[in-house]
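Novice: Sending over a structure as structure tokens; questions will come in a sec.
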Amino acid sequence: MATKSAIPSHLKNENGASVGAEKHHGKSQSHVAFENTSTSVAASQMRNALNNLADTVKDPKDKKRFETEMDNFFALFRRYLNDKAKGNEIDWSKISPPKPEQVVEYNSLANNESVEFLSKLAVLKLNGGLGTSMGCVGPKSVIEVRDGMSFLDLSVRQIEYLNRTYDVNVPFVLMNSFNTDVDTANIIKKYEGHNIDIMTFNQSKYPRILKDSNLPAPKSADSQISDWYPPGHGDVFESLYNSGILDKLLERGVEIVFLSNADNLGAVVDLNILQHMVESRSEYIMELTDKTKADVKGGTIIDYEGQARLLEIAQVPKQYVNEFKSIKKFKYFNTNNIWMNLRAVKRIVESNELAMEIIPNGKTIPADKKGEADISIVQLETAVGAAIRHFNNAHGVNVPRRRFLPVKTCSDLMLVKSDLYALKHGQLVMDTNRFGGAPLIKLGNDFKKVSNFQARISSIPKILELDHLTVTGAVNFGRGVVLKGTVIIVATEGSTIDIPPGSILENVVVQGSLRLLEH
């Protein structure tokens with residue numbers, strides 16, 4: 001990882017010390033807008049605790065970098081306290097669906113696939129997540145998704161194809177977290193002979209907050225990993241800046257970054273959106289797609305007092321949750337495919353304008369000793385989509401569903417491994433014989449981990465004509481199974497269903513128990 005260990009220039013005075021009266025204290029000095037006594041006490045106690053943490057770092061270079069990170073964390077914490085004190089709940093009466101000019105239809109974009117702007121582009125993947133929810137160790141991006149290739153392999157292949165086809169050199173940038181950094185550094189060595197420049201940087205490492213005391217969980221800078229957390233992808237702006245990667249990209253002539261989740265296989269470079277961004281002089285574009293019943297919890301774009309904003313379900317007052325989920329009122333959701341102007345990012349970070357909505361995430365740290373209670377903590381997170389309101393001429397583009405193909409579960413994995421898609425230059429392309437969108441697949445808990453999934457489905461059924469599949473209980477699929485229409489398979493508790501090889505199941509419910517024993 002490239003590290004710029006000094007305090008960022010926007011947090012320094014002429015002597016190179018960090019700005020502000022307090023010892024390490026940077027950008028939060030100007031954020032004193034609203035504080036009551038308990039907020040002040042909590043803030044100063046946190047400040048002292050962070051200073052003590054910084055004093056445990058011996059190497060001067062590391063210490064500077066650590067202090068910068070703690071300053072940024074403190075600004076976030078201070079904002080969180082102020083929000084709580086003000087009861088900073090969103091005013092529902094001011095929320096409207098987006099105005100027509102705030103969302104552009106993809107089909108209305110110029111379709112001449114202009115390649116002249118590719119020299120100004122970099123691709124950034126959010127690579128901070130682990131594969132734990134799918135029962136895998138290490139970064140999620142290294143899970144095998146198709147033909148022996150991982151998410152990372154497919155992304156590299158796509159960009160290599162782009163570079164080769166148009167004779168350009170689009171850099172590939174990975175934002176890792178402290179959870180994925182070491183593994184990723186080893187994995188990307190295999191791409192060294194490839195036609196691709198890979199750059200990596202780390203998102204911040206913030207201390208978890210003890211719920212009872214509002215103090216940091218770690219007692220020293222090198223305390224156990226479970227005391228720290230990566231603060232969500234809203235951290236990309238400051239981390240990109242502090243790592244020095246932002247300036248490196250600008251020096252290369254890069255002006256636009258296309259950012260997406262590492263697990264979204266639909267997020268490929270789109271020349272029409274790139275051209276639209278340059279020609280419309282937009283500093284920020286959020287790709288949206290039509291909401292379906294499966295997406296009702298996804299963040300949505302709204303108009304708030306004339307400004308485009310992102311609204312996440314966590315921000316919605318309880319009594320309005322059903323209205324938020326309505327497909328009629330809020331038709332789109334955020335795919336987290338974001339295009340942003342690098343100079344604008346630099347301007348916004350340097351002028352301390354970033355004030356993305358904070359999402360407090362309550363978790364527990366398992367107790368050290370048996371019989372002790374788990375420790376309740378809060379981690380403060382932000383989302384990259386929430387930054388939309390800080391950029392000029394920011395708007396959404398309503399894109400086809402094919403640009404949103406995330407793999408969050410083994411149900412998603414079954415879909416992307418199936419005959420429904422073909423692989424072309426690292427990109428998954430849906431079979432033209434398919435009528436309508438992708439089928440709905442729901443695999444039960446017996447398929448939660450990738451290892452279970454692989455054991456139970458030795459070869460992926462053909463699903464070109466499938467609309468809906470639900471599988472519950474211990475079910476095993478033989479080779480060459482074909483599924484059509486709506487198929488529901490329920491193995492009752494304690495029993496197993498083996499679907500025989502070559503079976504064709506069309507609009508059926510299979511229940512009970514069926515064992516195929518070799519003799």
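Naming works like this for the structure tokens: A, B, ... for the chains as they're shown, residue 1 at the start of each chain, ligands 1 onward in shown order.
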Running DSSP on the backbone, which parts of segment 53-148 of chain A land in strand (DSSP E), as a VMD selection string?
Specialist: chain A and resid 95 to 96 103 to 105 121 to 127 144 to 146
Novice: Give the helix (DSSP H, G or I) residues of segment 190-362 of chain A, as DSSP finds them on the backbone, and put them as number ranges by chain.
Specialist: A: 190-191, 225-227, 233-242, 245-251, 271-279, 293-295, 313-315, 318-325, 342-350
Novice: Can you write just those residues out, C-alpha atoms, as a PDB file, in the first residue's frame?
Specialist:
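selection_21.pdb was written with the following content:
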ATOM      1  CA  LYS A 190      -0.269 -13.201 -10.033  1.00  0.00           C
ATOM      2  CA  TYR A 191      -1.327 -10.331 -12.330  1.00  0.00           C
ATOM      3  CA  ILE A 225      -8.209  -6.711  15.712  1.00  0.00           C
ATOM      4  CA  SER A 226     -11.769  -7.027  17.085  1.00  0.00           C
ATOM      5  CA  ASP A 227     -11.382  -3.578  18.740  1.00  0.00           C
ATOM      6  CA  HIS A 233     -17.306   2.877   1.930  1.00  0.00           C
ATOM      7  CA  GLY A 234     -18.106   6.546   2.607  1.00  0.00           C
ATOM      8  CA  ASP A 235     -14.519   6.592   3.870  1.00  0.00           C
ATOM      9  CA  VAL A 236     -13.245   6.274   0.283  1.00  0.00           C
ATOM     10  CA  PHE A 237     -12.853  10.040  -0.204  1.00  0.00           C
ATOM     11  CA  GLU A 238     -10.578  10.704   2.774  1.00  0.00           C
ATOM     12  CA  SER A 239      -8.655   7.428   2.371  1.00  0.00           C
ATOM     13  CA  LEU A 240      -8.048   8.035  -1.332  1.00  0.00           C
ATOM     14  CA  TYR A 241      -6.750  11.491  -0.434  1.00  0.00           C
ATOM     15  CA  ASN A 242      -4.676  10.543   2.636  1.00  0.00           C
ATOM     16  CA  ILE A 245      -3.354   7.691  -4.519  1.00  0.00           C
ATOM     17  CA  LEU A 246      -5.684  10.561  -5.455  1.00  0.00           C
ATOM     18  CA  ASP A 247      -2.728  12.809  -6.366  1.00  0.00           C
ATOM     19  CA  LYS A 248      -0.981   9.936  -8.163  1.00  0.00           C
ATOM     20  CA  LEU A 249      -4.051   9.425 -10.352  1.00  0.00           C
ATOM     21  CA  LEU A 250      -4.350  13.151 -11.099  1.00  0.00           C
ATOM     22  CA  GLU A 251      -0.663  13.219 -12.105  1.00  0.00           C
ATOM     23  CA  LEU A 271     -18.626   4.303 -22.403  1.00  0.00           C
ATOM     24  CA  ASN A 272     -22.050   5.965 -22.708  1.00  0.00           C
ATOM     25  CA  ILE A 273     -22.177   6.911 -19.011  1.00  0.00           C
ATOM     26  CA  LEU A 274     -18.541   8.057 -19.141  1.00  0.00           C
ATOM     27  CA  GLN A 275     -19.282  10.328 -22.097  1.00  0.00           C
ATOM     28  CA  HIS A 276     -22.456  11.645 -20.440  1.00  0.00           C
ATOM     29  CA  MET A 277     -20.480  12.495 -17.304  1.00  0.00           C
ATOM     30  CA  VAL A 278     -17.867  14.486 -19.236  1.00  0.00           C
ATOM     31  CA  GLU A 279     -20.375  16.262 -21.484  1.00  0.00           C
ATOM     32  CA  LYS A 293     -40.010  -6.502  -4.616  1.00  0.00           C
ATOM     33  CA  ALA A 294     -36.569  -7.999  -3.898  1.00  0.00           C
ATOM     34  CA  ASP A 295     -34.931  -4.574  -3.555  1.00  0.00           C
ATOM     35  CA  ILE A 313     -33.623   2.439   5.235  1.00  0.00           C
ATOM     36  CA  ALA A 314     -31.626   2.955   8.470  1.00  0.00           C
ATOM     37  CA  GLN A 315     -32.460   6.694   8.303  1.00  0.00           C
ATOM     38  CA  LYS A 318     -40.268   3.541  11.780  1.00  0.00           C
ATOM     39  CA  GLN A 319     -43.716   4.831  10.863  1.00  0.00           C
ATOM     40  CA  TYR A 320     -42.572   5.595   7.291  1.00  0.00           C
ATOM     41  CA  VAL A 321     -40.706   2.358   6.514  1.00  0.00           C
ATOM     42  CA  ASN A 322     -43.563   0.924   4.421  1.00  0.00           C
ATOM     43  CA  GLU A 323     -43.774   4.138   2.432  1.00  0.00           C
ATOM     44  CA  PHE A 324     -39.991   3.960   1.859  1.00  0.00           C
ATOM     45  CA  LYS A 325     -40.352   0.399   0.549  1.00  0.00           C
ATOM     46  CA  LEU A 342     -11.326  13.353  -8.830  1.00  0.00           C
ATOM     47  CA  ARG A 343     -10.681  17.107  -8.728  1.00  0.00           C
ATOM     48  CA  ALA A 344     -14.057  17.563  -7.071  1.00  0.00           C
ATOM     49  CA  VAL A 345     -13.187  14.863  -4.505  1.00  0.00           C
ATOM     50  CA  LYS A 346      -9.913  16.685  -3.747  1.00  0.00           C
ATOM     51  CA  ARG A 347     -11.723  20.028  -3.366  1.00  0.00           C
ATOM     52  CA  ILE A 348     -14.383  18.598  -1.057  1.00  0.00           C
ATOM     53  CA  VAL A 349     -11.897  16.759   1.186  1.00  0.00           C
ATOM     54  CA  GLU A 350      -9.561  19.766   1.425  1.00  0.00           C
TER      55      GLU A 350
END
Novice: I'd like to know which of A:Arg402, A:Lys61, A:His425, A:Lys417 is closest to Glu160 of chain A, using only C-alpha atoms.
Specialist: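 Ranking A:Arg402, A:Lys61, A:His425, A:Lys417 by distance to Glu160 of chain A, first place goes to A:His425.
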Novice: Give the answer as one residue: which of A:Asn186, A:Asn82, A:Phe74, A:Gly193 has the shortest atom-to-atom distance to Tyr206 of chain A, using only C-alpha atoms?
Specialist: A:Phe74
Novice: Please report the interatomic distance between atom CA of Lys462 of chain A and atom CA of Gly480 of chain A in Å with one decimal.
Specialist: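 Result for atom CA of Lys462 of chain A versus atom CA of Gly480 of chain A: 7.2 Å, one decimal.
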